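Colleague: Quick one: the structure is below, and I'll ask about it shortly.
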Amino acid sequence: MPVSFYIFAKKFNVYFKSKVYNFFKLLFPTSYPEFVVFLFFLTSYGILGSYIAIHYRIIFDDRIPWDAYFSFDNRSIVMTGGSFERHPLSYYFFNWIRELALLISDGKKDSIFRLTLAWFSNIAISLSILQVFKYLKNIIQLPLSVCFLIISFFGAFSTNIILSFTPENFTYTLFLLTVFNFYTATKLKQEKRIPTIPLVFAGVTIGGLTITNIVKVFIPLVFEKNLFKSWKNIGYAIFRILITCLCFILLYLNRINFKYENIFSKTSKQYEKFSNVNSTPLWDMLLSFFFGQNILFSSFIIRDKHNMRGFEFKGLFMEVYTSWIPYAFIIILLIFTIWGYLRNFKNNLVQIIMISFLIDIVIHCIMRFGLHTAYIYGGHFIFVYPLLIGWLFYSYRKSSLYLSFLIITLACLSTYLFLNNYIRMQEFFQFLNQYYQ
């Protein structure tokens, strides 16, 4: 073997090890505060999910394909990955999840199977919260006390609580979006380009779990330094987008055996089914279902459901808010979010967050897709709230008066959030005790 080969092999080995190290450094805690945050939520959510998995069958019941609670499709997702037109590549991902869970449970769909599924979800959501904490600490560079306040607030969101034990696409989408958001923010802050391979990986995984989210993968490219100052930079950005789209499309077509006409017919049917519900005033659906219940539980309603094969069961859903206090809570939170955006309007990282959020607003609020059950889509965007609040704190870092006001207000919101969601989870357990023992 020539000497040059050994030199190349040595360099490649060093390069590979550095990439693996950076990958794990991105995903997992690397400092004491990060370990504290991760272990706290892993333990808290783990206790909740483990208890539900062991004592109740709601996480997975082979007879119930969908709608056991809040319109999640647990059994359908675990067994098939969901509908191919909305979740084109999740079939492959959940094959691995299911087979690993069956391996651990010795091939039985019992409490051990449910427990394994719950812990996969727990790890994903705990890592998602860790990514938001890393963003607050490393990108915005807020004081640790403020980071802990915001992350405590975020951790009590209804979406995080429910997804921490729910085997669904939204669970892993939240994880992937928060990881990608932190990764791209790190690159852009260092004035670096986003490499092709991570971009392709993000496009295939994020878009593969929910197809509309693939657009969010390309947003950071627009804000790369000097992108519009040369045709070469623009060309390289277009090249990365095309490569990502090509990989995604080929995998998508392979998933459906290249019967692409099915995509359009199924998509049209899905849009008609999920966008023509007018039982509630539009403003109330927006405030309650989309902006509100992803964060703050409302009261619940129980409905009779069946699996279209003769098995009847009870489903739990959320109603619109019935008191002025939740509306006030959501309006204050939206004011903080918009305030944080406007205060940092010239910040590219803030623009990326808001544009990503606007995609969901267009889909669910303007096109009204799934607006009547928009509380299940929080995994696509709830991380926007703590990040923009974090940027709001950053913008007033030199004003003790404004900082005091923000801290006191957020502490009050957090207290109400904790109490409300704790009481609603007690009602959730009453539902489980009555129907899912």
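Chain lettering (A, B, ...) mirrors the order of the structure tokens, residue numbering begins at 1 for each chain separately, and ligand numbering begins at 1 in order of display.
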Give the alpha helix (DSSP H) residues of segment 83-231 of chain A, as DSSP finds them on the backbone, and put them as a ChimeraX atom specification.
Modeller: /A:90-104,111-134,144-155,158-163,169-189,196-209,214-218,231
Colleague: Enumerate, in order of chain and increasing residue number, the residues of segment 67-164 of chain A with an atom no farther than 7 Å from segment 378-389 of chain A, each with its shortest atom pair and distance in Å to one decimal, counting only C-alpha atoms, as CSV.
Modeller:
residue,atom,partner,partner_atom,distance
A:Leu136,CA,A:Leu387,CA,6.9
A:Ile150,CA,A:Pro386,CA,6.2
A:Phe154,CA,A:Pro386,CA,6.3
A:Thr159,CA,A:Gly378,CA,6.0
Colleague: Quick one: everything within 6 Å of segment 318-322 of chain A, counting only C-alpha atoms, minus sequence neighbours fewer than 6 positions away in the same chain. Send it as a PyMOL selection string.
Modeller: chain A and resi 288+298-300
Colleague: For Asp284 of chain A, find every residue with an atom within 12 Å (counting only C-alpha atoms), except residues of its own chain fewer than 4 positions away, and show them as number ranges by chain.
Modeller: A: 278-280, 288-293, 319-322, 324, 326-327, 330, 365, 371-372, 374
Colleague: Near Lys189 of chain A, within 12 Å and counting only C-alpha atoms, which residues show up once chain neighbours fewer than 4 positions away are dropped, as a short mmCIF file (atom, residue, chain, number, x, y, z; two decimals) with N, CA and C atoms, in the first residue's frame?
Modeller:
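As written to disk, result_28.cif reads:
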data_model
loop_
_atom_site.label_atom_id
_atom_site.label_comp_id
_atom_site.auth_asym_id
_atom_site.auth_seq_id
_atom_site.Cartn_x
_atom_site.Cartn_y
_atom_site.Cartn_z
N TYR A 135 -30.57 26.28 22.45
CA TYR A 135 -30.75 27.48 21.63
C TYR A 135 -30.78 28.72 22.53
N ASN A 138 -27.06 28.93 24.13
CA ASN A 138 -25.88 29.07 23.27
C ASN A 138 -26.06 30.03 22.10
N ILE A 139 -27.26 30.11 21.58
CA ILE A 139 -27.50 31.00 20.44
C ILE A 139 -27.91 32.40 20.92
N ILE A 140 -28.95 32.46 21.74
CA ILE A 140 -29.40 33.76 22.26
C ILE A 140 -28.51 34.22 23.41
N GLN A 141 -27.92 33.25 24.11
CA GLN A 141 -27.00 33.52 25.24
C GLN A 141 -27.69 34.27 26.38
N ASN A 181 -33.30 23.23 13.72
CA ASN A 181 -33.33 24.67 13.98
C ASN A 181 -32.10 25.10 14.77
N PHE A 182 -31.73 24.32 15.79
CA PHE A 182 -30.53 24.65 16.57
C PHE A 182 -29.27 24.49 15.72
N TYR A 183 -29.21 23.44 14.92
CA TYR A 183 -28.05 23.19 14.08
C TYR A 183 -27.84 24.31 13.07
N THR A 184 -28.90 24.70 12.37
CA THR A 184 -28.76 25.76 11.36
C THR A 184 -28.47 27.11 12.01
N ALA A 185 -29.05 27.35 13.18
CA ALA A 185 -28.76 28.61 13.88
C ALA A 185 -27.29 28.68 14.26
N ARG A 193 -21.98 27.99 5.76
CA ARG A 193 -23.05 27.42 4.96
C ARG A 193 -23.56 26.13 5.59
N ILE A 194 -24.78 25.78 5.23
CA ILE A 194 -25.35 24.51 5.69
C ILE A 194 -24.94 23.44 4.68
N PRO A 220 -33.53 28.34 6.07
CA PRO A 220 -32.24 28.90 6.51
C PRO A 220 -31.28 29.21 5.36
N PHE A 223 -30.88 32.78 4.25
CA PHE A 223 -30.23 33.73 5.14
C PHE A 223 -28.73 33.45 5.32
N GLU A 224 -28.18 32.62 4.46
CA GLU A 224 -26.74 32.40 4.50
C GLU A 224 -26.01 33.67 4.08
N LYS A 225 -24.86 33.90 4.67
CA LYS A 225 -24.11 35.12 4.42
C LYS A 225 -23.68 35.21 2.95
N ASN A 347 -33.02 40.56 12.73
CA ASN A 347 -32.22 39.38 13.05
C ASN A 347 -32.63 38.22 12.15
N ASN A 348 -31.71 37.70 11.38
CA ASN A 348 -32.02 36.62 10.44
C ASN A 348 -32.54 35.36 11.13
N LEU A 349 -31.99 35.05 12.29
CA LEU A 349 -32.42 33.85 13.01
C LEU A 349 -33.87 33.97 13.45
N VAL A 350 -34.28 35.15 13.81
CA VAL A 350 -35.67 35.39 14.20
C VAL A 350 -36.58 35.28 12.99
#
Colleague: Using only C-alpha atoms, which residue out of A:Ile58, A:Ala118, A:Ile129, A:Ile97 lies closest to Leu316 of chain A?
Modeller: A:Ile58
Colleague: Enter the distance from atom CA of Ala156 of chain A to atom CA of Leu296 of chain A, in Å, rounded to one decimal.
Modeller: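 Interatomic distance, atom CA of Ala156 of chain A to atom CA of Leu296 of chain A: 8.7 Å.
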Colleague: At a cut-off of 12 Å, using only C-alpha atoms, what residues contact Ile47 of chain A? Leave out same-chain residues fewer than 4 positions from it and give the result as a short mmCIF file (atom, residue, chain, number, x, y, z; two decimals) with all heavy atoms, in the first residue's frame.
Modeller:
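Below you can see part.cif, which holds the result:
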data_model
loop_
_atom_site.label_atom_id
_atom_site.label_comp_id
_atom_site.auth_asym_id
_atom_site.auth_seq_id
_atom_site.Cartn_x
_atom_site.Cartn_y
_atom_site.Cartn_z
N LEU A 39 -32.32 15.40 32.13
CA LEU A 39 -32.69 14.36 33.09
C LEU A 39 -33.98 14.70 33.83
O LEU A 39 -34.77 13.81 34.15
CB LEU A 39 -31.55 14.15 34.09
CG LEU A 39 -30.28 13.50 33.52
CD1 LEU A 39 -29.20 13.40 34.59
CD2 LEU A 39 -30.59 12.12 32.96
N PHE A 40 -34.21 15.99 34.09
CA PHE A 40 -35.45 16.39 34.76
C PHE A 40 -36.66 16.02 33.92
O PHE A 40 -37.61 15.40 34.43
CB PHE A 40 -35.44 17.89 35.05
CG PHE A 40 -36.75 18.39 35.61
CD1 PHE A 40 -37.04 18.23 36.95
CD2 PHE A 40 -37.69 19.02 34.79
CE1 PHE A 40 -38.26 18.68 37.47
CE2 PHE A 40 -38.89 19.47 35.29
CZ PHE A 40 -39.18 19.30 36.64
N PHE A 41 -36.65 16.40 32.66
CA PHE A 41 -37.81 16.11 31.82
C PHE A 41 -37.90 14.63 31.46
O PHE A 41 -39.00 14.07 31.36
CB PHE A 41 -37.78 16.98 30.57
CG PHE A 41 -38.14 18.41 30.83
CD1 PHE A 41 -37.17 19.40 30.88
CD2 PHE A 41 -39.45 18.77 31.08
CE1 PHE A 41 -37.50 20.72 31.16
CE2 PHE A 41 -39.80 20.08 31.37
CZ PHE A 41 -38.82 21.07 31.40
N LEU A 42 -36.76 13.99 31.27
CA LEU A 42 -36.77 12.56 30.99
C LEU A 42 -37.41 11.80 32.16
O LEU A 42 -38.21 10.88 31.95
CB LEU A 42 -35.35 12.06 30.75
CG LEU A 42 -35.21 10.62 30.24
CD1 LEU A 42 -35.68 10.52 28.79
CD2 LEU A 42 -33.76 10.14 30.35
N THR A 43 -37.08 12.20 33.38
CA THR A 43 -37.64 11.55 34.56
C THR A 43 -39.13 11.89 34.73
O THR A 43 -39.96 11.00 34.97
CB THR A 43 -36.87 11.98 35.82
OG1 THR A 43 -35.48 11.67 35.66
CG2 THR A 43 -37.41 11.27 37.05
N TYR A 51 -46.39 5.03 33.83
CA TYR A 51 -47.62 4.71 34.58
C TYR A 51 -48.78 4.45 33.61
O TYR A 51 -49.54 3.49 33.78
CB TYR A 51 -47.96 5.84 35.54
CG TYR A 51 -49.12 5.53 36.45
CD1 TYR A 51 -48.91 4.83 37.64
CD2 TYR A 51 -50.41 5.92 36.11
CE1 TYR A 51 -49.98 4.52 38.48
CE2 TYR A 51 -51.48 5.61 36.95
CZ TYR A 51 -51.27 4.91 38.12
OH TYR A 51 -52.32 4.60 38.94
N ILE A 52 -48.91 5.31 32.61
CA ILE A 52 -50.00 5.15 31.64
C ILE A 52 -49.82 3.85 30.85
O ILE A 52 -50.78 3.10 30.63
CB ILE A 52 -50.05 6.36 30.70
CG1 ILE A 52 -50.48 7.61 31.47
CG2 ILE A 52 -51.02 6.11 29.54
CD1 ILE A 52 -50.41 8.90 30.65
N ALA A 53 -48.59 3.56 30.42
CA ALA A 53 -48.33 2.38 29.61
C ALA A 53 -48.61 1.09 30.39
O ALA A 53 -49.14 0.12 29.83
CB ALA A 53 -46.89 2.39 29.12
N ILE A 54 -48.24 1.06 31.66
CA ILE A 54 -48.38 -0.15 32.46
C ILE A 54 -49.82 -0.39 32.90
O ILE A 54 -50.31 -1.52 32.90
CB ILE A 54 -47.44 -0.09 33.69
CG1 ILE A 54 -45.98 -0.14 33.21
CG2 ILE A 54 -47.72 -1.24 34.65
CD1 ILE A 54 -44.97 0.14 34.32
N LEU A 115 -44.95 0.30 26.94
CA LEU A 115 -43.93 1.00 27.71
C LEU A 115 -42.74 1.39 26.83
O LEU A 115 -42.20 2.50 26.95
CB LEU A 115 -43.45 0.09 28.86
CG LEU A 115 -42.44 0.70 29.84
CD1 LEU A 115 -43.04 1.88 30.59
CD2 LEU A 115 -41.95 -0.37 30.82
N ALA A 118 -43.76 4.29 24.67
CA ALA A 118 -43.84 5.51 25.48
C ALA A 118 -42.45 6.07 25.75
O ALA A 118 -42.25 7.29 25.71
CB ALA A 118 -44.57 5.21 26.79
N TRP A 119 -41.47 5.20 26.02
CA TRP A 119 -40.13 5.69 26.32
C TRP A 119 -39.41 6.21 25.07
O TRP A 119 -38.61 7.13 25.17
CB TRP A 119 -39.32 4.60 27.03
CG TRP A 119 -39.44 4.77 28.50
CD1 TRP A 119 -40.42 4.24 29.31
CD2 TRP A 119 -38.62 5.59 29.34
NE1 TRP A 119 -40.24 4.67 30.61
CE2 TRP A 119 -39.14 5.49 30.66
CE3 TRP A 119 -37.50 6.38 29.13
CZ2 TRP A 119 -38.58 6.16 31.74
CZ3 TRP A 119 -36.93 7.05 30.21
CH2 TRP A 119 -37.47 6.95 31.49
N ASN A 122 -40.83 9.59 25.00
CA ASN A 122 -40.27 10.37 26.10
C ASN A 122 -38.88 10.89 25.77
O ASN A 122 -38.57 12.07 25.98
CB ASN A 122 -40.23 9.49 27.36
CG ASN A 122 -39.52 10.15 28.52
OD1 ASN A 122 -39.48 11.36 28.63
ND2 ASN A 122 -38.94 9.34 29.39
N ILE A 161 -46.56 17.45 26.98
CA ILE A 161 -47.05 16.46 27.94
C ILE A 161 -47.64 15.26 27.21
O ILE A 161 -47.31 14.10 27.52
CB ILE A 161 -48.08 17.10 28.88
CG1 ILE A 161 -47.43 18.17 29.75
CG2 ILE A 161 -48.75 16.03 29.75
CD1 ILE A 161 -48.42 18.98 30.57
N SER A 164 -45.16 13.21 24.98
CA SER A 164 -44.11 12.51 25.72
C SER A 164 -44.42 11.03 25.91
O SER A 164 -43.52 10.25 26.24
CB SER A 164 -43.89 13.17 27.08
OG SER A 164 -44.99 12.96 27.94
N PHE A 165 -45.68 10.62 25.71
CA PHE A 165 -46.00 9.19 25.77
C PHE A 165 -46.77 8.70 24.54
O PHE A 165 -47.25 7.57 24.50
CB PHE A 165 -46.80 8.86 27.05
CG PHE A 165 -48.11 9.61 27.18
CD1 PHE A 165 -49.25 9.15 26.53
CD2 PHE A 165 -48.20 10.73 27.97
CE1 PHE A 165 -50.46 9.82 26.66
CE2 PHE A 165 -49.41 11.42 28.11
CZ PHE A 165 -50.53 10.96 27.44
#
Colleague: Taking 2 positions as the minimum chain separation for residues in the same chain, which residues sit within 7 Å of segment 408-417 of chain A when counting only C-alpha atoms? Answer as a PyMOL selection string.
Modeller: chain A and resi 153+156+296+329+404-406+419-421
Colleague: When distances are computed from only C-alpha atoms, which of A:Ser145, A:Asp106, A:Ser158, A:Phe28 shows the smallest separation from Ile423 of chain A?
Modeller: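 So, comparing all the options, the nearest one is A:Ser158.
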